[in-house]
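Shown next: protein07.cif, given as mmCIF, N, CA and C atoms.
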```cif
data_final
#
loop_
_atom_site.label_atom_id
_atom_site.label_comp_id
_atom_site.auth_asym_id
_atom_site.auth_seq_id
_atom_site.Cartn_x
_atom_site.Cartn_y
_atom_site.Cartn_z
N GLN A 191 61.93 104.25 -3.85
CA GLN A 191 62.72 103.86 -5.00
C GLN A 191 63.31 102.47 -4.76
N VAL A 192 63.08 101.58 -5.69
CA VAL A 192 63.60 100.22 -5.59
C VAL A 192 65.02 100.18 -6.13
N GLN A 193 65.91 99.59 -5.38
CA GLN A 193 67.30 99.45 -5.82
C GLN A 193 67.74 98.00 -5.67
N LEU A 194 68.50 97.53 -6.64
CA LEU A 194 69.03 96.17 -6.64
C LEU A 194 70.55 96.24 -6.79
N VAL A 195 71.24 95.51 -5.97
CA VAL A 195 72.70 95.50 -6.03
C VAL A 195 73.18 94.06 -6.09
N GLU A 196 73.84 93.70 -7.20
CA GLU A 196 74.38 92.35 -7.36
C GLU A 196 75.81 92.28 -6.85
N SER A 197 76.20 91.08 -6.46
CA SER A 197 77.58 90.82 -6.07
C SER A 197 77.86 89.34 -6.28
N GLY A 198 79.14 88.99 -6.23
CA GLY A 198 79.52 87.59 -6.30
C GLY A 198 80.09 87.14 -7.62
N GLY A 199 80.13 88.02 -8.61
CA GLY A 199 80.71 87.64 -9.88
C GLY A 199 82.22 87.50 -9.79
N GLY A 200 82.81 87.01 -10.85
CA GLY A 200 84.27 86.85 -10.89
C GLY A 200 84.68 85.92 -12.00
N SER A 201 85.93 85.49 -11.93
CA SER A 201 86.47 84.56 -12.91
C SER A 201 86.62 83.19 -12.29
N VAL A 202 86.29 82.17 -13.05
CA VAL A 202 86.35 80.80 -12.56
C VAL A 202 86.69 79.88 -13.72
N GLU A 203 87.29 78.77 -13.42
CA GLU A 203 87.62 77.81 -14.46
C GLU A 203 86.37 77.00 -14.84
N SER A 204 86.41 76.48 -16.03
CA SER A 204 85.32 75.64 -16.51
C SER A 204 85.08 74.50 -15.53
N GLY A 205 83.82 74.26 -15.21
CA GLY A 205 83.45 73.25 -14.23
C GLY A 205 83.32 73.78 -12.82
N GLY A 206 83.72 75.01 -12.61
CA GLY A 206 83.66 75.61 -11.28
C GLY A 206 82.29 76.14 -10.93
N SER A 207 82.22 76.78 -9.76
CA SER A 207 80.95 77.30 -9.25
C SER A 207 81.12 78.73 -8.77
N LEU A 208 80.01 79.46 -8.82
CA LEU A 208 79.92 80.80 -8.26
C LEU A 208 78.53 80.97 -7.67
N ARG A 209 78.42 81.86 -6.69
CA ARG A 209 77.13 82.19 -6.12
C ARG A 209 76.93 83.70 -6.21
N LEU A 210 75.93 84.09 -6.95
CA LEU A 210 75.60 85.50 -7.07
C LEU A 210 74.55 85.88 -6.04
N SER A 211 74.65 87.11 -5.55
CA SER A 211 73.66 87.65 -4.61
C SER A 211 73.10 88.94 -5.16
N CYS A 212 71.86 89.22 -4.80
CA CYS A 212 71.21 90.45 -5.22
C CYS A 212 70.39 90.96 -4.03
N THR A 213 70.82 92.09 -3.49
CA THR A 213 70.11 92.68 -2.37
C THR A 213 69.14 93.73 -2.88
N VAL A 214 67.90 93.60 -2.44
CA VAL A 214 66.83 94.48 -2.91
C VAL A 214 66.43 95.43 -1.79
N SER A 215 66.39 96.71 -2.09
CA SER A 215 65.93 97.69 -1.11
C SER A 215 64.81 98.51 -1.74
N GLY A 216 64.02 99.14 -0.88
CA GLY A 216 62.87 99.86 -1.36
C GLY A 216 61.64 98.97 -1.29
N TYR A 217 60.51 99.52 -1.63
CA TYR A 217 59.26 98.78 -1.46
C TYR A 217 59.10 97.70 -2.53
N ILE A 218 58.92 96.49 -2.08
CA ILE A 218 58.59 95.36 -2.94
C ILE A 218 57.50 94.58 -2.23
N SER A 219 56.41 94.35 -2.91
CA SER A 219 55.37 93.53 -2.28
C SER A 219 55.84 92.08 -2.28
N GLY A 220 55.24 91.29 -1.45
CA GLY A 220 55.67 89.90 -1.32
C GLY A 220 55.48 89.07 -2.56
N GLY A 221 54.67 89.53 -3.51
CA GLY A 221 54.37 88.70 -4.66
C GLY A 221 55.13 89.02 -5.92
N ASN A 222 56.00 90.03 -5.89
CA ASN A 222 56.71 90.40 -7.11
C ASN A 222 57.56 89.26 -7.64
N CYS A 223 57.53 89.08 -8.95
CA CYS A 223 58.36 88.07 -9.60
C CYS A 223 59.80 88.59 -9.65
N MET A 224 60.76 87.72 -9.37
CA MET A 224 62.16 88.11 -9.35
C MET A 224 62.95 87.15 -10.23
N GLY A 225 63.96 87.67 -10.91
CA GLY A 225 64.69 86.81 -11.83
C GLY A 225 66.13 87.21 -12.02
N TRP A 226 66.87 86.32 -12.68
CA TRP A 226 68.24 86.55 -13.09
C TRP A 226 68.32 86.47 -14.61
N PHE A 227 69.03 87.41 -15.19
CA PHE A 227 69.22 87.47 -16.62
C PHE A 227 70.70 87.65 -16.92
N ARG A 228 71.08 87.40 -18.15
CA ARG A 228 72.48 87.59 -18.51
C ARG A 228 72.59 88.10 -19.93
N GLN A 229 73.70 88.76 -20.19
CA GLN A 229 73.96 89.26 -21.54
C GLN A 229 75.45 89.17 -21.82
N ALA A 230 75.77 88.42 -22.86
CA ALA A 230 77.15 88.31 -23.31
C ALA A 230 77.41 89.36 -24.38
N PRO A 231 78.66 89.76 -24.55
CA PRO A 231 78.98 90.77 -25.58
C PRO A 231 78.50 90.35 -26.96
N GLY A 232 77.78 91.24 -27.62
CA GLY A 232 77.31 90.97 -28.96
C GLY A 232 76.10 90.07 -29.05
N LYS A 233 75.56 89.70 -27.88
CA LYS A 233 74.40 88.81 -27.88
C LYS A 233 73.21 89.47 -27.18
N ALA A 234 72.03 88.95 -27.47
CA ALA A 234 70.83 89.48 -26.84
C ALA A 234 70.76 89.04 -25.38
N ARG A 235 70.04 89.81 -24.60
CA ARG A 235 69.81 89.43 -23.20
C ARG A 235 69.06 88.11 -23.15
N GLU A 236 69.43 87.30 -22.18
CA GLU A 236 68.84 85.97 -22.06
C GLU A 236 68.29 85.78 -20.65
N GLY A 237 67.10 85.25 -20.57
CA GLY A 237 66.55 84.92 -19.26
C GLY A 237 67.20 83.66 -18.74
N GLY A 238 67.57 83.68 -17.46
CA GLY A 238 68.21 82.52 -16.87
C GLY A 238 67.31 81.77 -15.93
N ALA A 239 66.78 82.51 -14.94
CA ALA A 239 65.97 81.87 -13.92
C ALA A 239 65.06 82.89 -13.29
N ARG A 240 63.92 82.41 -12.78
CA ARG A 240 63.05 83.31 -12.02
C ARG A 240 62.43 82.52 -10.89
N ILE A 241 62.01 83.26 -9.85
CA ILE A 241 61.42 82.61 -8.69
C ILE A 241 60.16 83.36 -8.29
N ARG A 242 59.16 82.59 -7.92
CA ARG A 242 57.89 83.13 -7.49
C ARG A 242 57.90 83.27 -5.98
N HIS A 243 57.00 84.02 -5.45
CA HIS A 243 56.99 84.29 -4.02
C HIS A 243 56.82 83.02 -3.19
N ASP A 244 56.16 82.01 -3.78
CA ASP A 244 55.96 80.77 -3.03
C ASP A 244 57.08 79.78 -3.27
N GLY A 245 58.12 80.21 -3.99
CA GLY A 245 59.27 79.36 -4.21
C GLY A 245 59.29 78.63 -5.53
N ASP A 246 58.21 78.71 -6.31
CA ASP A 246 58.18 78.07 -7.62
C ASP A 246 59.28 78.67 -8.51
N ARG A 247 60.01 77.82 -9.21
CA ARG A 247 61.14 78.26 -10.01
C ARG A 247 60.98 77.86 -11.47
N GLN A 248 61.54 78.67 -12.35
CA GLN A 248 61.62 78.35 -13.77
C GLN A 248 63.02 78.67 -14.25
N TYR A 249 63.52 77.84 -15.18
CA TYR A 249 64.86 78.02 -15.70
C TYR A 249 64.85 77.95 -17.21
N SER A 250 65.78 78.64 -17.83
CA SER A 250 65.97 78.47 -19.26
C SER A 250 66.66 77.14 -19.49
N ASP A 251 66.53 76.62 -20.68
CA ASP A 251 67.13 75.32 -20.99
C ASP A 251 68.66 75.37 -20.86
N SER A 252 69.24 76.53 -21.10
CA SER A 252 70.69 76.63 -21.10
C SER A 252 71.30 76.53 -19.70
N VAL A 253 70.51 76.75 -18.66
CA VAL A 253 71.06 76.71 -17.30
C VAL A 253 70.38 75.66 -16.42
N LYS A 254 69.33 75.08 -16.92
CA LYS A 254 68.58 74.11 -16.13
C LYS A 254 69.49 72.98 -15.67
N ALA A 255 69.31 72.56 -14.45
CA ALA A 255 70.06 71.46 -13.82
C ALA A 255 71.46 71.88 -13.40
N ARG A 256 71.87 73.10 -13.73
CA ARG A 256 73.19 73.59 -13.29
C ARG A 256 73.07 74.78 -12.35
N PHE A 257 72.06 75.62 -12.57
CA PHE A 257 71.86 76.82 -11.77
C PHE A 257 70.65 76.63 -10.86
N THR A 258 70.71 77.27 -9.69
CA THR A 258 69.59 77.24 -8.75
C THR A 258 69.32 78.65 -8.24
N VAL A 259 68.09 79.10 -8.41
CA VAL A 259 67.68 80.41 -7.91
C VAL A 259 66.99 80.21 -6.56
N SER A 260 67.28 81.11 -5.64
CA SER A 260 66.65 81.04 -4.32
C SER A 260 66.50 82.45 -3.76
N GLN A 261 65.77 82.57 -2.68
CA GLN A 261 65.57 83.88 -2.07
C GLN A 261 65.51 83.75 -0.57
N ASP A 262 65.96 84.77 0.10
CA ASP A 262 65.87 84.86 1.55
C ASP A 262 65.07 86.13 1.85
N ASN A 263 63.81 85.96 2.14
CA ASN A 263 62.94 87.11 2.32
C ASN A 263 63.30 87.91 3.57
N THR A 264 63.91 87.24 4.54
CA THR A 264 64.29 87.96 5.75
C THR A 264 65.43 88.94 5.48
N LYS A 265 66.20 88.66 4.42
CA LYS A 265 67.33 89.52 4.07
C LYS A 265 67.08 90.30 2.80
N ASN A 266 65.89 90.15 2.22
CA ASN A 266 65.57 90.80 0.93
C ASN A 266 66.65 90.52 -0.09
N THR A 267 67.06 89.27 -0.16
CA THR A 267 68.16 88.91 -1.04
C THR A 267 67.78 87.75 -1.96
N LEU A 268 68.18 87.88 -3.20
CA LEU A 268 67.99 86.86 -4.22
C LEU A 268 69.35 86.25 -4.52
N TYR A 269 69.38 84.94 -4.74
CA TYR A 269 70.64 84.25 -5.00
C TYR A 269 70.56 83.48 -6.31
N LEU A 270 71.73 83.26 -6.90
CA LEU A 270 71.85 82.35 -8.04
C LEU A 270 73.09 81.51 -7.83
N GLN A 271 72.88 80.25 -7.50
CA GLN A 271 73.99 79.31 -7.36
C GLN A 271 74.26 78.71 -8.74
N MET A 272 75.48 78.87 -9.20
CA MET A 272 75.85 78.41 -10.54
C MET A 272 76.92 77.34 -10.41
N ASN A 273 76.59 76.14 -10.85
CA ASN A 273 77.52 75.01 -10.81
C ASN A 273 77.84 74.55 -12.22
N SER A 274 78.88 73.77 -12.33
CA SER A 274 79.30 73.20 -13.63
C SER A 274 79.36 74.29 -14.70
N LEU A 275 80.01 75.37 -14.37
CA LEU A 275 80.06 76.51 -15.28
C LEU A 275 80.84 76.19 -16.54
N LYS A 276 80.37 76.76 -17.64
CA LYS A 276 80.97 76.55 -18.95
C LYS A 276 81.43 77.89 -19.52
N PRO A 277 82.35 77.88 -20.45
CA PRO A 277 82.78 79.15 -21.06
C PRO A 277 81.61 79.94 -21.66
N GLU A 278 80.61 79.25 -22.17
CA GLU A 278 79.46 79.94 -22.76
C GLU A 278 78.57 80.60 -21.72
N ASP A 279 78.85 80.39 -20.44
CA ASP A 279 78.13 81.10 -19.37
C ASP A 279 78.73 82.48 -19.12
N THR A 280 79.84 82.77 -19.75
CA THR A 280 80.47 84.07 -19.58
C THR A 280 79.53 85.18 -20.04
N ALA A 281 79.23 86.12 -19.15
CA ALA A 281 78.28 87.20 -19.43
C ALA A 281 78.21 88.14 -18.24
N MET A 282 77.53 89.26 -18.46
CA MET A 282 77.14 90.12 -17.35
C MET A 282 75.81 89.59 -16.83
N TYR A 283 75.72 89.39 -15.54
CA TYR A 283 74.51 88.85 -14.93
C TYR A 283 73.77 89.95 -14.18
N TYR A 284 72.47 89.99 -14.39
CA TYR A 284 71.63 91.01 -13.78
C TYR A 284 70.49 90.36 -13.01
N CYS A 285 70.17 90.91 -11.86
CA CYS A 285 68.94 90.53 -11.19
C CYS A 285 67.89 91.59 -11.51
N ALA A 286 66.64 91.18 -11.45
CA ALA A 286 65.55 92.07 -11.82
C ALA A 286 64.29 91.72 -11.05
N VAL A 287 63.46 92.72 -10.86
CA VAL A 287 62.19 92.54 -10.17
C VAL A 287 61.08 93.11 -11.04
N ALA A 288 60.00 92.37 -11.17
CA ALA A 288 58.84 92.83 -11.93
C ALA A 288 57.84 93.49 -10.99
N LYS A 289 56.96 94.27 -11.55
CA LYS A 289 55.89 94.87 -10.77
C LYS A 289 54.73 93.91 -10.60
N GLN A 290 54.76 92.81 -11.34
CA GLN A 290 53.64 91.89 -11.36
C GLN A 290 54.02 90.53 -10.78
N TYR A 291 53.01 89.68 -10.63
CA TYR A 291 53.24 88.31 -10.23
C TYR A 291 53.79 87.53 -11.42
N CYS A 292 54.49 86.44 -11.13
CA CYS A 292 55.10 85.66 -12.19
C CYS A 292 54.08 85.13 -13.19
N TRP A 293 52.91 84.75 -12.69
CA TRP A 293 51.92 84.16 -13.59
C TRP A 293 51.39 85.16 -14.60
N GLN A 294 51.60 86.45 -14.34
CA GLN A 294 51.13 87.49 -15.25
C GLN A 294 52.15 87.80 -16.34
N LEU A 295 53.32 87.22 -16.26
CA LEU A 295 54.39 87.55 -17.20
C LEU A 295 54.45 86.55 -18.34
N ARG A 296 55.09 86.96 -19.42
CA ARG A 296 55.26 86.10 -20.57
C ARG A 296 56.41 85.12 -20.35
N SER A 297 56.40 84.07 -21.14
CA SER A 297 57.53 83.13 -21.19
C SER A 297 57.91 82.60 -19.81
N ASN A 298 56.89 82.28 -18.99
CA ASN A 298 57.13 81.75 -17.64
C ASN A 298 57.98 82.71 -16.79
N GLY A 299 57.90 84.00 -17.10
CA GLY A 299 58.63 84.98 -16.32
C GLY A 299 60.09 85.10 -16.72
N LEU A 300 60.46 84.59 -17.89
CA LEU A 300 61.85 84.63 -18.33
C LEU A 300 62.10 85.65 -19.44
N SER A 301 61.14 86.52 -19.68
CA SER A 301 61.35 87.61 -20.64
C SER A 301 61.73 88.88 -19.89
N GLY A 302 62.90 89.38 -20.16
CA GLY A 302 63.37 90.56 -19.47
C GLY A 302 62.52 91.79 -19.72
N ASP A 303 61.78 91.79 -20.82
CA ASP A 303 60.95 92.95 -21.15
C ASP A 303 59.84 93.17 -20.12
N ASP A 304 59.54 92.16 -19.33
CA ASP A 304 58.46 92.26 -18.34
C ASP A 304 58.93 92.74 -16.97
N TYR A 305 60.26 92.98 -16.86
CA TYR A 305 60.82 93.38 -15.56
C TYR A 305 61.09 94.88 -15.55
N HIS A 306 60.87 95.49 -14.38
CA HIS A 306 60.93 96.94 -14.30
C HIS A 306 62.14 97.46 -13.55
N TYR A 307 62.62 96.70 -12.60
CA TYR A 307 63.73 97.16 -11.78
C TYR A 307 64.93 96.26 -12.01
N TRP A 308 66.09 96.89 -12.22
CA TRP A 308 67.30 96.14 -12.59
C TRP A 308 68.48 96.59 -11.74
N GLY A 309 69.37 95.63 -11.49
CA GLY A 309 70.63 95.97 -10.86
C GLY A 309 71.64 96.41 -11.90
N GLN A 310 72.83 96.73 -11.45
CA GLN A 310 73.87 97.24 -12.34
C GLN A 310 74.65 96.11 -13.03
N GLY A 311 74.48 94.91 -12.54
CA GLY A 311 75.12 93.76 -13.14
C GLY A 311 76.41 93.36 -12.46
N THR A 312 76.75 92.09 -12.57
CA THR A 312 78.02 91.58 -12.07
C THR A 312 78.59 90.63 -13.13
N GLN A 313 79.87 90.77 -13.42
CA GLN A 313 80.49 90.03 -14.51
C GLN A 313 80.89 88.63 -14.06
N VAL A 314 80.56 87.66 -14.88
CA VAL A 314 80.99 86.28 -14.67
C VAL A 314 81.80 85.86 -15.89
N THR A 315 83.01 85.40 -15.65
CA THR A 315 83.89 84.95 -16.72
C THR A 315 84.32 83.52 -16.42
N VAL A 316 84.08 82.64 -17.37
CA VAL A 316 84.45 81.24 -17.21
C VAL A 316 85.54 80.91 -18.21
N ASP A 317 86.69 80.53 -17.69
CA ASP A 317 87.84 80.22 -18.54
C ASP A 317 87.81 78.75 -18.96
N SER A 318 88.16 78.55 -20.22
CA SER A 318 88.18 77.16 -20.71
C SER A 318 89.45 76.44 -20.31
#
```
So that I can check it, write out the structure of this file as structure tokens.
Amino acid sequence: QVQLVESGGGSVESGGSLRLSCTVSGYISGGNCMGWFRQAPGKAREGGARIRHDGDRQYSDSVKARFTVSQDNTKNTLYLQMNSLKPEDTAMYYCAVAKQYCWQLRSNGLSGDDYHYWGQGTQVTVDS
């Protein structure tokens, strides 16, 4: 059974930074696509970032140049470094793992519908 546990959320002032972590346990092949998604109250889930096994990254336009996704395979951990945070970044953030390679997914791997395993989420609140 694959389990994902996020941590690192919290409250921060506008312009601040946070680093989210996602620890993955259970069987994951080395090629599974991994990503970060977010959902604000009353809004649809939004893809934020995804990373391929070889380190290739894709970002949504809303977070590009501010967020960085990375992974530490020795620790089975996925990270999301978030800089220059804005109030509109306020949301529940989820990490997710797909059963497939990133190239097999839609929207450069930024569609949550293609991911099978999800964490419970960690809340990020950015105060103006």
Hits of the PyMOL selection byres (((chain A and resi 199 and name CA) around 9) and name CA) in this structure, as a ChimeraX atom specification: /A:196-198,200-201,208-211,282-283,311-315
Generate a file of the selected residues that holds N, CA and C atoms, formatted as a PDB file, in the coordinates of the input.
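To be explicit, this is the file written out as part.pdb:
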```pdb
ATOM      1  N   GLU A 196      73.840  93.700  -7.200  1.00  0.00           N
ATOM      2  CA  GLU A 196      74.380  92.350  -7.360  1.00  0.00           C
ATOM      3  C   GLU A 196      75.810  92.280  -6.850  1.00  0.00           C
ATOM      4  N   SER A 197      76.200  91.080  -6.460  1.00  0.00           N
ATOM      5  CA  SER A 197      77.580  90.820  -6.070  1.00  0.00           C
ATOM      6  C   SER A 197      77.860  89.340  -6.280  1.00  0.00           C
ATOM      7  N   GLY A 198      79.140  88.990  -6.230  1.00  0.00           N
ATOM      8  CA  GLY A 198      79.520  87.590  -6.300  1.00  0.00           C
ATOM      9  C   GLY A 198      80.090  87.140  -7.620  1.00  0.00           C
ATOM     10  N   GLY A 200      82.810  87.010 -10.850  1.00  0.00           N
ATOM     11  CA  GLY A 200      84.270  86.850 -10.890  1.00  0.00           C
ATOM     12  C   GLY A 200      84.680  85.920 -12.000  1.00  0.00           C
ATOM     13  N   SER A 201      85.930  85.490 -11.930  1.00  0.00           N
ATOM     14  CA  SER A 201      86.470  84.560 -12.910  1.00  0.00           C
ATOM     15  C   SER A 201      86.620  83.190 -12.290  1.00  0.00           C
ATOM     16  N   LEU A 208      80.010  79.460  -8.820  1.00  0.00           N
ATOM     17  CA  LEU A 208      79.920  80.800  -8.260  1.00  0.00           C
ATOM     18  C   LEU A 208      78.530  80.970  -7.670  1.00  0.00           C
ATOM     19  N   ARG A 209      78.420  81.860  -6.690  1.00  0.00           N
ATOM     20  CA  ARG A 209      77.130  82.190  -6.120  1.00  0.00           C
ATOM     21  C   ARG A 209      76.930  83.700  -6.210  1.00  0.00           C
ATOM     22  N   LEU A 210      75.930  84.090  -6.950  1.00  0.00           N
ATOM     23  CA  LEU A 210      75.600  85.500  -7.070  1.00  0.00           C
ATOM     24  C   LEU A 210      74.550  85.880  -6.040  1.00  0.00           C
ATOM     25  N   SER A 211      74.650  87.110  -5.550  1.00  0.00           N
ATOM     26  CA  SER A 211      73.660  87.650  -4.610  1.00  0.00           C
ATOM     27  C   SER A 211      73.100  88.940  -5.160  1.00  0.00           C
ATOM     28  N   MET A 282      77.530  89.260 -18.460  1.00  0.00           N
ATOM     29  CA  MET A 282      77.140  90.120 -17.350  1.00  0.00           C
ATOM     30  C   MET A 282      75.810  89.590 -16.830  1.00  0.00           C
ATOM     31  N   TYR A 283      75.720  89.390 -15.540  1.00  0.00           N
ATOM     32  CA  TYR A 283      74.510  88.850 -14.930  1.00  0.00           C
ATOM     33  C   TYR A 283      73.770  89.950 -14.180  1.00  0.00           C
ATOM     34  N   GLY A 311      74.480  94.910 -12.540  1.00  0.00           N
ATOM     35  CA  GLY A 311      75.120  93.760 -13.140  1.00  0.00           C
ATOM     36  C   GLY A 311      76.410  93.360 -12.460  1.00  0.00           C
ATOM     37  N   THR A 312      76.750  92.090 -12.570  1.00  0.00           N
ATOM     38  CA  THR A 312      78.020  91.580 -12.070  1.00  0.00           C
ATOM     39  C   THR A 312      78.590  90.630 -13.130  1.00  0.00           C
ATOM     40  N   GLN A 313      79.870  90.770 -13.420  1.00  0.00           N
ATOM     41  CA  GLN A 313      80.490  90.030 -14.510  1.00  0.00           C
ATOM     42  C   GLN A 313      80.890  88.630 -14.060  1.00  0.00           C
ATOM     43  N   VAL A 314      80.560  87.660 -14.880  1.00  0.00           N
ATOM     44  CA  VAL A 314      80.990  86.280 -14.670  1.00  0.00           C
ATOM     45  C   VAL A 314      81.800  85.860 -15.890  1.00  0.00           C
ATOM     46  N   THR A 315      83.010  85.400 -15.650  1.00  0.00           N
ATOM     47  CA  THR A 315      83.890  84.950 -16.720  1.00  0.00           C
ATOM     48  C   THR A 315      84.320  83.520 -16.420  1.00  0.00           C
TER      49      THR A 315
END
```
Picked residues, the PyMOL selection byres ((chain A and resi 239) around 5), expected as a ChimeraX atom specification: /A:225-226,237-238,240-241,248-250
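Atom C of A:Ser207 sits 27.7 Å away from atom C of A:Ala288.
Computed from the coordinates, the atom C of A:Tyr269 to atom N of A:Thr213 distance equals 9.1 Å.
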8 Å contact set for A:Ile218, all atoms listed in the file, chain neighbours under 4 positions out, as a list in words: Gln191, Val192, Val214 and Asn222 of chain A
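Here atom CA of A:Gly302 is placed at a distance of 10.0 Å from atom CA of A:Tyr284.
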